[in-house]
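> Input work16.csv, format and content: CSV, C-alpha atoms.
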```csv
chain,number,residue,atom,x,y,z
A,529,MET,CA,56.2,-93.7,-78.7
A,530,SER,CA,58.2,-96.8,-77.6
A,531,SER,CA,56.9,-99.1,-74.8
A,532,VAL,CA,59.9,-98.1,-72.7
A,533,ASN,CA,59.1,-94.4,-73.0
A,534,LEU,CA,55.5,-95.1,-72.1
A,535,VAL,CA,56.5,-97.0,-69.0
A,536,VAL,CA,58.7,-94.2,-67.9
A,537,MET,CA,55.9,-91.7,-68.4
A,538,VAL,CA,53.4,-93.7,-66.4
A,539,VAL,CA,55.9,-94.2,-63.6
A,540,GLY,CA,56.6,-90.5,-63.6
A,541,LEU,CA,52.9,-89.7,-63.4
A,542,LEU,CA,52.4,-92.1,-60.5
A,543,VAL,CA,55.3,-90.5,-58.6
A,544,LEU,CA,53.8,-87.0,-59.1
A,545,ALA,CA,50.4,-88.3,-58.0
A,546,GLN,CA,51.9,-89.8,-54.8
A,547,GLN,CA,53.7,-86.6,-54.0
A,548,SER,CA,50.6,-84.6,-54.6
A,549,PHE,CA,48.6,-86.9,-52.2
A,550,GLN,CA,51.3,-86.6,-49.6
A,551,MET,CA,51.4,-82.8,-49.9
A,552,SER,CA,47.6,-82.8,-49.4
A,553,LEU,CA,48.2,-84.3,-46.0
A,554,ARG,CA,51.4,-82.5,-45.0
A,555,ASN,CA,51.0,-79.2,-46.7
A,556,PRO,CA,47.3,-78.9,-47.6
A,557,VAL,CA,47.1,-75.2,-48.4
A,558,ALA,CA,49.4,-73.5,-50.8
A,559,GLU,CA,47.1,-70.8,-51.9
A,560,THR,CA,43.6,-69.7,-50.8
A,561,ASN,CA,41.9,-67.0,-52.9
A,562,ASN,CA,44.3,-64.1,-52.8
A,563,CYS,CA,46.1,-65.3,-49.7
A,564,LYS,CA,49.4,-67.3,-50.0
A,565,ILE,CA,51.6,-69.1,-47.5
A,566,ASP,CA,54.5,-67.2,-46.0
A,567,PHE,CA,57.2,-69.6,-47.3
A,568,THR,CA,59.9,-68.1,-45.1
A,569,ARG,CA,58.6,-70.4,-42.3
A,570,LEU,CA,57.6,-73.4,-44.2
A,571,ASP,CA,59.6,-75.7,-41.9
A,572,SER,CA,57.0,-75.1,-39.1
A,573,LEU,CA,53.8,-75.3,-41.0
A,574,HIS,CA,51.1,-76.1,-38.4
A,575,VAL,CA,50.2,-75.6,-34.8
A,576,SER,CA,48.0,-78.3,-33.5
A,577,LEU,CA,45.0,-77.9,-31.2
A,578,ILE,CA,44.1,-81.0,-29.2
A,579,LEU,CA,40.5,-81.2,-28.0
A,580,THR,CA,38.8,-83.7,-25.8
A,581,SER,CA,35.0,-83.3,-26.2
A,582,ASP,CA,32.1,-82.1,-28.3
A,583,THR,CA,31.8,-79.1,-26.0
A,584,ASN,CA,35.4,-78.1,-26.7
A,585,GLU,CA,34.7,-78.3,-30.4
A,586,LYS,CA,31.5,-76.3,-30.1
A,587,ALA,CA,33.4,-73.6,-28.3
A,588,LEU,CA,36.0,-73.5,-31.1
A,589,GLN,CA,33.3,-73.4,-33.8
A,590,ASP,CA,31.2,-70.8,-31.9
A,591,SER,CA,34.1,-68.4,-31.8
A,592,GLY,CA,34.1,-67.9,-35.5
A,593,LEU,CA,37.9,-67.8,-35.5
A,594,PHE,CA,38.5,-71.1,-37.3
A,595,THR,CA,38.2,-71.2,-41.1
A,596,PRO,CA,38.3,-74.7,-42.7
A,597,ASP,CA,40.6,-75.1,-45.7
A,598,ALA,CA,38.6,-74.8,-48.9
A,599,GLU,CA,40.3,-77.7,-50.7
A,600,THR,CA,41.1,-80.1,-47.8
A,601,PRO,CA,39.0,-79.2,-44.8
A,602,TYR,CA,39.8,-82.5,-43.0
A,603,VAL,CA,41.5,-85.9,-43.3
A,604,ASP,CA,40.2,-89.1,-41.7
A,605,ILE,CA,42.9,-91.4,-40.2
A,606,ALA,CA,42.2,-94.4,-38.1
A,607,GLY,CA,38.7,-93.4,-37.2
A,608,ARG,CA,39.7,-89.9,-36.2
A,609,ARG,CA,39.0,-86.6,-38.1
A,610,PHE,CA,41.9,-84.2,-38.4
A,611,HIS,CA,40.5,-80.7,-39.3
A,612,ILE,CA,42.7,-78.5,-41.4
A,613,GLY,CA,42.4,-74.7,-41.7
A,614,THR,CA,43.4,-71.4,-40.2
A,615,LEU,CA,42.8,-69.7,-36.9
A,616,ASN,CA,43.3,-65.9,-37.1
A,617,ALA,CA,45.2,-66.5,-40.4
A,618,ARG,CA,47.6,-69.0,-38.8
A,619,PHE,CA,47.6,-72.6,-40.1
A,620,ILE,CA,46.4,-75.2,-37.6
A,621,VAL,CA,45.3,-78.8,-37.5
A,622,TYR,CA,42.9,-79.8,-34.7
A,623,VAL,CA,41.6,-83.2,-33.6
A,624,LYS,CA,39.1,-84.3,-31.0
A,625,ILE,CA,40.8,-87.1,-29.2
A,626,GLY,CA,38.1,-88.5,-27.0
A,627,GLY,CA,38.5,-89.3,-23.3
A,628,ASN,CA,41.3,-91.2,-21.5
A,629,SER,CA,45.0,-91.4,-21.9
A,630,VAL,CA,45.2,-94.2,-24.4
A,631,ASN,CA,43.0,-92.3,-26.9
A,632,ALA,CA,44.9,-89.1,-26.3
A,633,ALA,CA,48.3,-90.7,-26.8
A,634,ILE,CA,47.3,-92.5,-30.0
A,635,ALA,CA,45.7,-89.5,-31.6
A,636,VAL,CA,48.6,-87.2,-30.9
A,637,GLN,CA,51.1,-89.8,-32.3
A,638,ILE,CA,49.1,-90.2,-35.5
A,639,LEU,CA,49.0,-86.4,-35.8
A,640,LEU,CA,52.7,-86.1,-35.4
A,641,ASN,CA,53.3,-88.9,-37.9
A,642,ARG,CA,51.1,-87.5,-40.6
A,643,PHE,CA,51.4,-83.7,-40.4
A,644,ARG,CA,54.2,-81.2,-40.1
A,645,ILE,CA,53.5,-79.9,-36.5
A,646,GLN,CA,55.4,-77.0,-34.9
A,647,GLY,CA,53.9,-77.7,-31.5
A,648,ILE,CA,50.8,-78.7,-29.5
A,649,ILE,CA,48.3,-76.7,-27.6
A,650,HIS,CA,46.0,-78.9,-25.5
A,651,PHE,CA,42.8,-77.2,-24.3
A,652,GLY,CA,39.7,-78.5,-22.6
A,653,SER,CA,37.9,-78.7,-19.3
A,654,ALA,CA,39.0,-80.0,-15.9
A,655,GLY,CA,37.8,-80.4,-12.3
A,656,SER,CA,39.1,-77.9,-9.7
A,657,LEU,CA,40.9,-79.5,-6.7
A,658,ASP,CA,41.5,-76.1,-5.2
A,659,GLU,CA,38.3,-74.1,-4.9
A,660,LYS,CA,40.0,-71.3,-3.1
A,661,SER,CA,42.1,-70.5,-6.2
A,662,ILE,CA,40.2,-72.0,-9.1
A,663,VAL,CA,36.4,-71.9,-9.5
A,664,PRO,CA,34.2,-72.9,-12.5
A,665,GLY,CA,34.9,-70.7,-15.5
A,666,ASP,CA,38.5,-70.0,-14.5
A,667,VAL,CA,41.3,-71.2,-16.8
A,668,SER,CA,44.4,-72.9,-15.4
A,669,VAL,CA,47.6,-73.0,-17.3
A,670,PRO,CA,49.8,-75.6,-15.4
A,671,LEU,CA,53.5,-75.5,-15.2
A,672,ALA,CA,53.6,-79.3,-15.1
A,673,VAL,CA,51.2,-82.2,-15.3
A,674,ALA,CA,51.6,-85.4,-13.2
A,675,PHE,CA,50.2,-88.8,-14.3
A,676,THR,CA,48.6,-90.0,-11.1
A,677,GLY,CA,47.1,-93.1,-12.6
A,678,ALA,CA,50.0,-95.5,-12.2
A,679,TRP,CA,49.6,-97.3,-8.8
A,680,ASN,CA,51.7,-99.8,-7.0
A,681,TRP,CA,48.9,-101.4,-4.9
A,682,LYS,CA,50.4,-102.8,-1.7
A,683,LYS,CA,49.6,-105.9,0.3
A,684,PHE,CA,47.5,-105.7,3.4
A,685,GLY,CA,49.8,-105.4,6.4
A,686,SER,CA,52.8,-104.2,4.5
A,687,ASP,CA,54.4,-100.7,4.9
A,688,LYS,CA,52.0,-98.0,4.2
A,689,GLY,CA,52.1,-96.2,0.9
A,690,ALA,CA,51.3,-92.6,-0.1
A,691,LEU,CA,47.5,-93.2,-0.2
A,692,ASN,CA,46.3,-95.2,2.9
A,693,PHE,CA,42.7,-96.2,2.5
A,694,GLY,CA,42.3,-96.8,6.3
A,695,GLU,CA,42.8,-93.1,6.9
A,696,PHE,CA,39.6,-92.5,4.9
A,697,ASN,CA,37.4,-95.0,6.8
A,698,TYR,CA,34.1,-93.4,7.9
A,699,PRO,CA,33.2,-92.5,10.6
A,700,VAL,CA,36.4,-93.8,12.3
A,701,ASN,CA,39.8,-94.2,10.7
A,702,GLY,CA,41.5,-97.6,11.0
A,703,GLU,CA,42.7,-100.6,9.1
A,704,ASN,CA,41.2,-101.3,5.6
A,705,LEU,CA,41.7,-104.5,3.5
A,706,LEU,CA,42.4,-102.3,0.5
A,707,ALA,CA,45.6,-101.3,2.3
A,708,SER,CA,47.5,-98.6,0.5
A,709,VAL,CA,49.1,-97.6,-2.8
A,710,ASP,CA,52.2,-95.8,-3.9
A,711,TYR,CA,52.3,-93.7,-7.0
A,712,ASP,CA,54.6,-95.0,-9.8
A,713,THR,CA,56.6,-93.2,-12.4
A,714,ILE,CA,56.2,-94.1,-16.0
A,715,LYS,CA,58.8,-94.5,-18.8
A,716,LEU,CA,59.5,-91.6,-21.1
A,717,PHE,CA,61.1,-92.6,-24.4
A,718,SER,CA,62.6,-90.0,-26.7
A,719,LYS,CA,65.1,-90.0,-29.6
A,720,GLY,CA,68.8,-90.1,-28.6
A,721,HIS,CA,68.0,-90.6,-24.9
A,722,SER,CA,67.8,-93.5,-22.5
A,723,PRO,CA,64.3,-94.1,-21.2
A,724,GLN,CA,63.6,-92.0,-18.1
A,725,ASP,CA,61.3,-92.7,-15.2
A,726,VAL,CA,59.2,-89.6,-14.8
A,727,PHE,CA,56.2,-88.4,-12.7
A,728,TRP,CA,55.9,-84.8,-13.8
A,729,PHE,CA,55.7,-83.6,-17.4
A,730,PRO,CA,56.8,-79.9,-17.5
A,731,SER,CA,55.4,-77.6,-20.1
A,732,THR,CA,57.8,-76.2,-22.7
A,733,THR,CA,59.7,-73.4,-20.9
A,734,SER,CA,59.7,-70.9,-23.8
A,735,TRP,CA,56.0,-71.5,-24.6
A,736,TYR,CA,55.1,-71.1,-20.9
A,737,SER,CA,57.0,-67.9,-20.6
A,738,ALA,CA,55.1,-66.6,-23.6
A,739,ALA,CA,51.8,-67.6,-22.1
A,740,THR,CA,52.5,-65.7,-18.9
A,741,GLN,CA,53.0,-62.6,-20.9
A,742,VAL,CA,50.0,-62.8,-23.2
A,743,LEU,CA,47.4,-64.5,-21.1
A,744,GLN,CA,47.5,-62.7,-17.7
A,745,ASP,CA,45.3,-59.9,-18.8
A,746,LEU,CA,43.0,-61.8,-21.1
A,747,GLU,CA,39.3,-61.1,-20.6
A,748,LEU,CA,37.2,-64.2,-20.3
A,749,SER,CA,33.5,-64.8,-20.7
A,750,GLN,CA,31.2,-64.8,-17.6
A,751,CYS,CA,27.8,-65.5,-19.2
A,752,TYR,CA,26.4,-68.0,-21.7
A,753,ASP,CA,22.9,-68.4,-23.0
A,754,GLY,CA,21.6,-65.8,-20.5
A,755,VAL,CA,23.1,-67.5,-17.4
A,756,CYS,CA,26.1,-66.0,-15.7
A,757,LEU,CA,28.7,-67.3,-13.3
A,758,PRO,CA,28.8,-65.7,-9.8
A,759,SER,CA,32.2,-64.2,-10.4
A,760,LYS,CA,34.3,-63.0,-13.3
A,761,PRO,CA,36.5,-65.8,-14.6
A,762,LYS,CA,40.3,-65.4,-14.5
A,763,ILE,CA,43.5,-66.9,-15.9
A,764,VAL,CA,45.4,-68.8,-13.2
A,765,LEU,CA,49.1,-69.3,-13.9
A,766,GLY,CA,51.8,-71.3,-12.1
A,767,THR,CA,49.6,-74.2,-11.1
A,768,LYS,CA,50.2,-78.0,-11.4
A,769,ALA,CA,47.7,-80.5,-12.7
A,770,SER,CA,46.8,-84.2,-12.1
A,771,SER,CA,45.9,-86.5,-14.9
A,772,SER,CA,44.7,-90.1,-14.9
A,773,ASP,CA,42.1,-92.3,-16.4
A,774,SER,CA,39.8,-91.8,-13.4
A,775,TYR,CA,37.1,-89.1,-13.5
A,776,ILE,CA,37.3,-87.6,-10.0
A,777,LYS,CA,34.1,-86.8,-8.3
A,778,ASN,CA,35.2,-87.8,-4.8
A,779,LYS,CA,36.0,-84.8,-2.7
A,780,ALA,CA,38.2,-86.6,-0.2
A,781,TYR,CA,40.4,-87.9,-3.0
A,782,GLY,CA,40.6,-84.5,-4.7
A,783,GLU,CA,41.7,-82.9,-1.4
A,784,PHE,CA,44.3,-85.7,-1.0
A,785,LEU,CA,45.8,-85.0,-4.5
A,786,HIS,CA,45.9,-81.3,-3.8
A,787,GLU,CA,47.5,-81.7,-0.4
A,788,VAL,CA,50.1,-84.3,-1.4
A,789,PHE,CA,51.0,-83.2,-4.9
A,790,ASN,CA,50.0,-79.5,-4.8
A,791,VAL,CA,47.8,-80.0,-7.9
A,792,SER,CA,45.0,-77.6,-8.6
A,793,THR,CA,43.0,-79.4,-11.4
A,794,ALA,CA,42.3,-83.0,-12.5
A,795,ASP,CA,41.6,-84.3,-16.0
A,796,GLN,CA,42.0,-87.5,-18.0
A,797,GLU,CA,44.1,-86.6,-21.0
A,798,SER,CA,46.7,-83.9,-20.3
A,799,ALA,CA,49.5,-86.2,-19.1
A,800,ALA,CA,49.2,-88.4,-22.2
A,801,VAL,CA,49.3,-85.3,-24.5
A,802,ALA,CA,52.4,-84.0,-22.6
A,803,TRP,CA,54.0,-87.5,-22.6
A,804,THR,CA,53.6,-88.0,-26.4
A,805,SER,CA,54.7,-84.4,-27.1
A,806,LEU,CA,57.9,-84.8,-25.0
A,807,SER,CA,58.6,-88.2,-26.5
A,808,ASN,CA,58.5,-86.6,-30.0
A,809,GLU,CA,60.4,-83.5,-28.8
A,810,LYS,CA,57.6,-81.2,-29.7
A,811,PRO,CA,56.8,-78.1,-27.6
A,812,PHE,CA,53.4,-78.2,-25.8
A,813,ILE,CA,51.3,-76.3,-23.4
A,814,VAL,CA,48.1,-77.3,-21.5
A,815,ILE,CA,45.2,-74.9,-21.0
A,816,ARG,CA,42.2,-76.2,-19.0
A,817,GLY,CA,39.0,-74.4,-18.0
A,818,ALA,CA,37.4,-75.5,-14.7
A,819,SER,CA,33.9,-76.9,-15.3
A,820,ASN,CA,33.3,-78.0,-11.7
A,821,VAL,CA,34.9,-78.5,-8.3
A,822,ALA,CA,35.5,-82.2,-7.4
A,823,GLY,CA,32.9,-83.5,-5.0
A,824,GLU,CA,30.7,-80.4,-5.3
A,825,ALA,CA,27.3,-80.2,-7.0
A,826,SER,CA,27.5,-79.4,-10.7
A,827,PRO,CA,27.2,-75.7,-11.4
A,828,GLY,CA,25.2,-76.3,-14.5
A,829,SER,CA,25.7,-76.7,-18.3
A,830,HIS,CA,26.6,-73.0,-18.7
A,831,ALA,CA,29.7,-73.5,-16.5
A,832,SER,CA,30.7,-76.5,-18.5
A,833,TYR,CA,30.5,-74.6,-21.8
A,834,LEU,CA,32.2,-71.5,-20.4
A,835,ALA,CA,35.1,-73.7,-19.1
A,836,SER,CA,35.6,-74.9,-22.7
A,837,TYR,CA,35.0,-71.5,-24.3
A,838,ASN,CA,37.4,-69.6,-22.0
A,839,ALA,CA,40.0,-72.3,-22.4
A,840,PHE,CA,39.7,-71.9,-26.2
A,841,LEU,CA,40.0,-68.1,-25.9
A,842,ALA,CA,43.2,-68.6,-24.0
A,843,ALA,CA,44.5,-71.1,-26.6
A,844,ALA,CA,43.6,-68.7,-29.5
A,845,LYS,CA,45.4,-65.8,-27.8
A,846,PHE,CA,48.4,-67.9,-27.1
A,847,ILE,CA,48.7,-68.9,-30.8
A,848,GLU,CA,49.1,-65.3,-31.7
A,849,SER,CA,52.3,-65.2,-29.5
A,850,ILE,CA,54.3,-67.9,-31.3
A,851,PRO,CA,55.9,-67.4,-34.7
A,852,THR,CA,53.8,-69.6,-37.1
A,853,PRO,CA,53.3,-69.5,-40.9
A,854,ARG,CA,50.3,-67.4,-41.8
A,855,LEU,CA,48.3,-66.3,-44.8
A,856,ALA,CA,49.8,-63.3,-46.5
A,857,CYS,CA,46.8,-61.6,-48.1
A,858,GLU,CA,47.1,-59.2,-51.0
```
If you took the structure in this file and wrote it as structure tokens, what would it be?

Amino acid sequence: MSSVNLVVMVVGLLVLAQQSFQMSLRNPVAETNNCKIDFTRLDSLHVSLILTSDTNEKALQDSGLFTPDAETPYVDIAGRRFHIGTLNARFIVYVKIGGNSVNAAIAVQILLNRFRIQGIIHFGSAGSLDEKSIVPGDVSVPLAVAFTGAWNWKKFGSDKGALNFGEFNYPVNGENLLASVDYDTIKLFSKGHSPQDVFWFPSTTSWYSAATQVLQDLELSQCYDGVCLPSKPKIVLGTKASSSDSYIKNKAYGEFLHEVFNVSTADQESAAVAWTSLSNEKPFIVIRGASNVAGEASPGSHASYLASYNAFLAAAKFIESIPTPRLACE
């Protein structure tokens, strides 16, 4: 064999190896036992589940619905583990993003850069800001999420903003050196469009419409580890959510957000997940279980777990409603 032919053969093998490695990330499962991919929908291979906490992941694992891929159960990228497998025979990738908006946005962008993602389902827990409508254990599916963490903090003595700290002086309202803040919009960048200043991030219309049909009668769990919630949990549709890097335990501020923006829940990641999904033109939906009411005493660890578990049940049910590639078993 000539040296030229040998070089050509080596280069060819290297190309094949690189393609194989890329496919292990982008199309990790071609055949599992007697089950094969439905190649008619290969262009939309994975749905992604975005989790925020260990409790969210425990809820997913406890359900028994997720089966890790036998050959490539996970891929580690930039310190994050992306789990690959099936959920009710549908291909998914899930990642636990950690708290706060920066972690959430980075993790979702890595996910979209490295995997073939049809759309994003973000589930987790949240604090209720509207205890008349949402109590611990309930699951909220917001129509839109606002990022309420961008503030324009005003000078003392200037015109009052949306949030005036003097109005919350105790026991008597009055002036306050912290003055007031206005809520700012943030830039949304997307392909083929000029940057837009946005405050609300709306869920994908077609996905939300599907959710209203499949989730409204979903039965949720009321008890965990022998401890039960005082009322049977329910799905709450048509809400709005607040998201920022602040964990809200202050009842007065929670009531303010509810009154001014008509938001029913608060969390730290949803807006960032929505923001990154919209920037990449990917459909998304947010599903959050209420673990507590802002400013109220904690209802206990069972409520925290049930918030995650019920949110996962809703996410799993929703996945069944969207056309995704699935295992075709002989």
> Provide the CA of Asp710 (chain A) to CA of Lys682 (chain A) distance in Å, to one decimal place.
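Atom-to-atom, CA of Asp710 (chain A) to CA of Lys682 (chain A), that is 7.6 Å.
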> From the list A:Ser668, A:Asn584, A:Ser805, A:Ser819, which residue is nearest Ile634 (chain A) when using only C-alpha atoms?
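Among the listed residues, the smallest separation from Ile634 (chain A) belongs to A:Ser805.
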> Can you tell me how far CA of Phe727 (chain A) sits from CA of Asn631 (chain A), in Å to one decimal?
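A separation of 19.8 Å between them.
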> Looking at only C-alpha atoms, which of A:Ala632, A:Leu588, A:Val821, A:Val788 is the one that sits closest to Tyr833 (chain A)?
A:Leu588
> Using all atoms listed in the file, find the one residue out of A:Leu841, A:Val623, A:Asn778, A:Val700 that sits nearest to Val603 (chain A).
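Among the listed residues, A:Val623 lies closest to Val603 (chain A).
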> Calculate how many Å separate CA of Ser629 (chain A) from CA of Trp803 (chain A), rounding to one decimal.
9.8 Å
> May I have the residues at most 9 Å from (43.7, -73.9, -38.2) in the file's coordinates, counting only C-alpha atoms, as a list in words?
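Output of the proximity query reads His574, Val575, Ser576, Leu577, Leu593, Phe594, Thr595, Pro596, Asp597, His611, Ile612, Gly613, Thr614, Leu615, Asn616, Ala617, Arg618, Phe619, Ile620, Val621 and Tyr622 of chain A.
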> Go through A:Ala839, A:Glu824, A:Gly817, A:Glu809 one by one, measure the shortest atom-to-atom distance of each to Gly720 (chain A) using only C-alpha atoms, and give the residue with the smallest value.
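Result for the nearest residue to Gly720 (chain A): A:Glu809.
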> Hey, which of A:Asn692, A:Asn697, A:Thr580, A:Asn680 ends up closest to Ile649 (chain A)? Count all atoms listed in the file.
A:Thr580
> Could you tell me which of A:Lys760, A:Lys810, A:Arg609, A:Arg644 comes closest to Ser718 (chain A) if we count all atoms listed in the file?
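Result for the nearest residue to Ser718 (chain A): A:Lys810.
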> Neighbouring residues of Val673 (chain A) were defined as those with any atom within 8 Å, considering all atoms listed in the file; residues of the same chain fewer than 3 positions away were excluded. Please report them as a list in words.
Pro670, Trp728, Phe729, Pro730, Ser731, Lys768, Ala769, Ser770, Ser771, Ser798, Ala799 and Ala802 of chain A
> Please produce a file of the residues just selected, as a short mmCIF file (atom, residue, chain, number, x, y, z; two decimals), in the coordinates of the input, where the atoms kept are C-alpha atoms.

```
data_model
loop_
_atom_site.label_atom_id
_atom_site.label_comp_id
_atom_site.auth_asym_id
_atom_site.auth_seq_id
_atom_site.Cartn_x
_atom_site.Cartn_y
_atom_site.Cartn_z
CA PRO A 670 49.80 -75.60 -15.40
CA TRP A 728 55.90 -84.80 -13.80
CA PHE A 729 55.70 -83.60 -17.40
CA PRO A 730 56.80 -79.90 -17.50
CA SER A 731 55.40 -77.60 -20.10
CA LYS A 768 50.20 -78.00 -11.40
CA ALA A 769 47.70 -80.50 -12.70
CA SER A 770 46.80 -84.20 -12.10
CA SER A 771 45.90 -86.50 -14.90
CA SER A 798 46.70 -83.90 -20.30
CA ALA A 799 49.50 -86.20 -19.10
CA ALA A 802 52.40 -84.00 -22.60
#
```
> Quick one: residues within 6 Å of (34.6, -85.4, -7.6) (file frame), counting all atoms listed in the file, please, as an MDAnalysis selection string.
chainID A and resid 776:779 822:823
> Might you pull out every residue within 12 Å of Phe696 (chain A), with all atoms listed in the file counted and same-chain residues fewer than 4 positions away left off, and present them as a list in words?
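With the cut-off at 12 Å, the set is Leu691, Asn692, Val700, Asn701, Gly702, Glu703, Asn704, Leu706, Ala707, Ser708, Asn778, Lys779, Ala780, Tyr781, Glu783 and Phe784 of chain A.
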> Neighbours of Ser772 (chain A) within 10 Å (all atoms listed in the file; same-chain residues fewer than 6 positions away dropped), as a PyMOL selection string?
chain A and resi 628-629+674-678+794-800
> Neighbouring residues of Ile638 (chain A) were defined as those with any atom within 10 Å, considering all atoms listed in the file; residues of the same chain fewer than 2 positions away were excluded. Please report them as a count of residues only.
12
> Neighbours of Pro761 (chain A) within 9 Å (all atoms listed in the file; same-chain residues fewer than 3 positions away dropped), as a PyMOL selection string?
chain A and resi 663-667+747-750+757+838
